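Novice: So that you have it, the file is run_1.txt, and it contains compact mmCIF, C-alpha atoms:
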```txt
# COMPACT_ATOMS: atom_id res chain seq x y z
CA MET O 1143 -72.50 11.62 -34.87
CA GLN O 1144 -73.11 8.51 -32.83
CA LEU O 1145 -70.74 7.64 -29.99
CA SER O 1146 -69.88 4.24 -31.49
CA LEU O 1147 -68.92 5.88 -34.80
CA ARG O 1148 -66.80 8.47 -32.98
CA ILE O 1149 -64.97 5.77 -31.04
CA ALA O 1150 -64.36 3.76 -34.23
CA LEU O 1151 -62.99 6.83 -36.04
CA ILE O 1152 -60.71 7.71 -33.12
CA VAL O 1153 -59.38 4.13 -33.00
CA ILE O 1154 -58.74 4.18 -36.76
CA THR O 1155 -56.96 7.53 -36.49
CA VAL O 1156 -54.79 6.29 -33.60
CA LEU O 1157 -53.87 3.24 -35.69
CA TYR O 1158 -53.01 5.61 -38.53
CA ILE O 1159 -50.65 7.53 -36.24
CA PHE O 1160 -49.02 4.26 -35.12
CA VAL O 1161 -48.50 3.29 -38.78
CA VAL O 1162 -46.74 6.62 -39.35
CA LEU O 1163 -44.57 6.13 -36.26
CA ARG O 1164 -43.71 2.59 -37.37
CA ALA O 1165 -42.70 3.90 -40.80
CA ILE O 1166 -40.36 6.34 -39.05
CA LYS O 1167 -38.90 3.57 -36.92
CA ASN O 1168 -38.29 1.37 -39.97
CA LYS O 1169 -36.75 4.36 -41.78
CA LYS O 1170 -39.37 4.26 -44.53
CA LEU O 1171 -40.44 7.83 -43.81
CA GLN O 1172 -38.34 10.84 -42.91
CA VAL O 1173 -39.13 12.58 -39.64
CA SER O 1174 -39.59 15.93 -41.40
CA PHE O 1175 -42.41 14.49 -43.55
CA SER O 1176 -43.95 12.49 -40.74
CA VAL O 1177 -44.60 15.58 -38.63
CA PHE O 1178 -47.24 16.64 -41.15
CA TRP O 1179 -48.99 13.26 -41.00
CA ILE O 1180 -48.89 13.08 -37.20
CA ILE O 1181 -50.30 16.60 -36.84
CA THR O 1182 -53.04 15.72 -39.32
CA GLY O 1183 -53.93 12.66 -37.24
CA LEU O 1184 -54.04 14.65 -34.02
CA ILE O 1185 -56.27 17.29 -35.61
CA LEU O 1186 -58.59 14.53 -36.79
CA ILE O 1187 -58.80 13.11 -33.28
CA VAL O 1188 -59.65 16.51 -31.83
CA ALA O 1189 -62.25 17.15 -34.55
CA ILE O 1190 -63.87 13.78 -33.90
CA ALA O 1191 -63.76 14.06 -30.11
CA ILE O 1192 -65.28 17.54 -29.89
CA PRO O 1193 -68.75 17.58 -31.42
CA ASN O 1194 -69.62 20.47 -33.73
CA SER O 1195 -66.07 21.85 -33.62
CA ILE O 1196 -65.77 21.85 -37.41
CA GLU O 1197 -69.12 23.61 -37.81
CA ASN O 1198 -68.21 26.26 -35.23
CA ILE O 1199 -64.81 26.93 -36.78
CA SER O 1200 -66.25 27.12 -40.31
CA LYS O 1201 -68.95 29.58 -39.21
CA MET O 1202 -66.34 31.66 -37.37
CA LEU O 1203 -64.19 31.79 -40.53
CA GLY O 1204 -67.18 32.76 -42.67
CA PHE O 1205 -67.84 29.55 -44.57
CA GLU O 1206 -71.49 28.85 -45.37
CA VAL O 1207 -71.08 25.08 -45.15
CA SER O 1208 -68.44 23.25 -43.13
CA VAL O 1209 -67.69 20.91 -46.06
CA ASN O 1210 -66.49 23.93 -48.06
CA MET O 1211 -63.95 24.72 -45.34
CA ILE O 1212 -62.75 21.10 -45.28
CA PHE O 1213 -62.32 21.08 -49.07
CA CYS O 1214 -60.50 24.42 -48.95
CA ILE O 1215 -58.10 23.17 -46.28
CA ALA O 1216 -57.57 19.91 -48.19
CA ILE O 1217 -56.73 21.80 -51.39
CA PHE O 1218 -54.23 24.05 -49.63
CA LEU O 1219 -52.63 21.09 -47.87
CA SER O 1220 -52.36 19.28 -51.20
CA PHE O 1221 -50.63 22.30 -52.72
CA TYR O 1222 -48.26 22.40 -49.75
CA LEU O 1223 -47.37 18.71 -50.14
CA VAL O 1224 -46.86 18.99 -53.89
CA PHE O 1225 -44.66 22.05 -53.41
CA ASN O 1226 -42.50 20.28 -50.81
CA LEU O 1227 -42.18 17.21 -53.02
CA ASN O 1228 -41.12 19.41 -55.95
CA ILE O 1229 -38.43 20.97 -53.78
CA LEU O 1230 -37.23 17.51 -52.80
CA ILE O 1231 -37.15 16.35 -56.42
CA SER O 1232 -35.17 19.45 -57.42
CA LYS O 1233 -32.58 18.78 -54.70
CA GLU O 1234 -32.24 15.15 -55.78
CA ASN O 1235 -31.83 16.19 -59.42
CA ARG O 1236 -29.00 18.54 -58.45
CA LYS O 1237 -27.34 15.75 -56.45
CA ASN O 1238 -27.67 13.38 -59.42
CA THR O 1239 -26.09 15.94 -61.75
CA LEU O 1240 -23.15 16.40 -59.38
CA LEU O 1241 -22.70 12.64 -59.03
CA ILE O 1242 -22.71 12.18 -62.80
CA GLN O 1243 -20.11 14.92 -63.19
CA GLU O 1244 -17.89 13.41 -60.47
CA ILE O 1245 -18.17 9.94 -61.99
CA SER O 1246 -17.26 11.30 -65.43
CA ILE O 1247 -14.19 13.05 -64.01
CA LEU O 1248 -13.11 9.90 -62.16
CA LYS O 1249 -13.68 7.76 -65.26
CA LYS O 1250 -11.51 10.10 -67.33
CA LYS O 1251 -8.74 9.96 -64.71
CA VAL O 1252 -8.89 6.14 -64.62
CA GLU O 1253 -8.66 5.99 -68.41
CA GLU O 1254 -5.65 8.33 -68.37
CA LEU O 1255 -3.92 6.22 -65.70
CA GLU O 1256 -4.60 3.02 -67.66
CA LYS O 1257 -3.21 4.67 -70.77
CA LYS O 1258 -0.02 5.69 -68.93
CA GLN O 1259 0.40 2.19 -67.49
CA GLY O 1260 -0.02 0.73 -70.98
CA GLU O 1261 2.71 3.01 -72.32
CA ILE O 1262 5.13 2.10 -69.49
CA LYS O 1263 4.87 -1.66 -70.12
```
Written as structure tokens, how would this file's structure read?

Specialist:
Amino acid sequence: MQLSLRIALIVITVLYIFVVLRAIKNKKLQVSFSVFWIITGLILIVAIAIPNSIENISKMLGFEVSVNMIFCIAIFLSFYLVFNLNILISKENRKNTLLIQEISILKKKVEELEKKQGEIK
């Protein structure tokens, strides 16, 4: 890989990390999710900065071609993200159910109080 391409990729990755940090600052992204994206960016910087690191790691792990290792890692990371998002959705669904139940109870109490006030007048 040419030096100019490496420098361009590192600059793009650093900008990517700054975008993630800005999203945290503006409260658009939770810190717990941003850790994953920051670590991914740092790994990309290391992989770009050290020539042949991906090839050496893939050969050490027994992959024939380094692209196969990258695809394998990408698939597992995708599964991890989908799993975490499913957990988050499940928690939010439980919270919504509880809120609906609480609102229904409060609505019933308000109706009962209005009914009693109507009877008193």

Novice: I'd like to know which of O:Trp1179, O:Phe1221, O:Phe1213, O:Phe1205 is closest to Ile1166 in chain O, using all atoms listed in the file.

Specialist: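 Answer, going by the shortest atom-to-atom distance: O:Trp1179.
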
Novice: Quick one: distance from CA of Ala1189 in chain O to CA of Phe1160 in chain O in Å, one decimal?

Specialist: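 Computing it gives 18.5 Å between the two atoms.
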
Novice: So how far away is CA of Ile1181 in chain O from CA of Leu1223 in chain O, in Å?

Specialist: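 Spanning CA of Leu1223 in chain O to CA of Ile1181 in chain O is a straight-line distance of 13.8 Å.
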
Novice: Would you mind telling me which residue in O:Gln1259, O:Ile1187, O:Gln1172, O:Phe1178 lies nearest to Ala1150 in chain O when using all atoms listed in the file?

Specialist: O:Ile1187

Novice: Taking into account only C-alpha atoms, which residue in the set O:Gln1243, O:Ser1174, O:Thr1182, O:Ser1200 is nearest to Leu1227 in chain O?

Specialist: O:Ser1174

Novice: How many Å separate CA of Lys1170 in chain O from CA of Tyr1158 in chain O?

Specialist: 15.0 Å

Novice: Under the rule that all atoms listed in the file are counted, which of O:Lys1250, O:Phe1175, O:Ser1146, O:Ala1191 is the nearest residue to Tyr1222 in chain O?

Specialist: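 For Tyr1222 in chain O, the nearest of the candidates is O:Phe1175.
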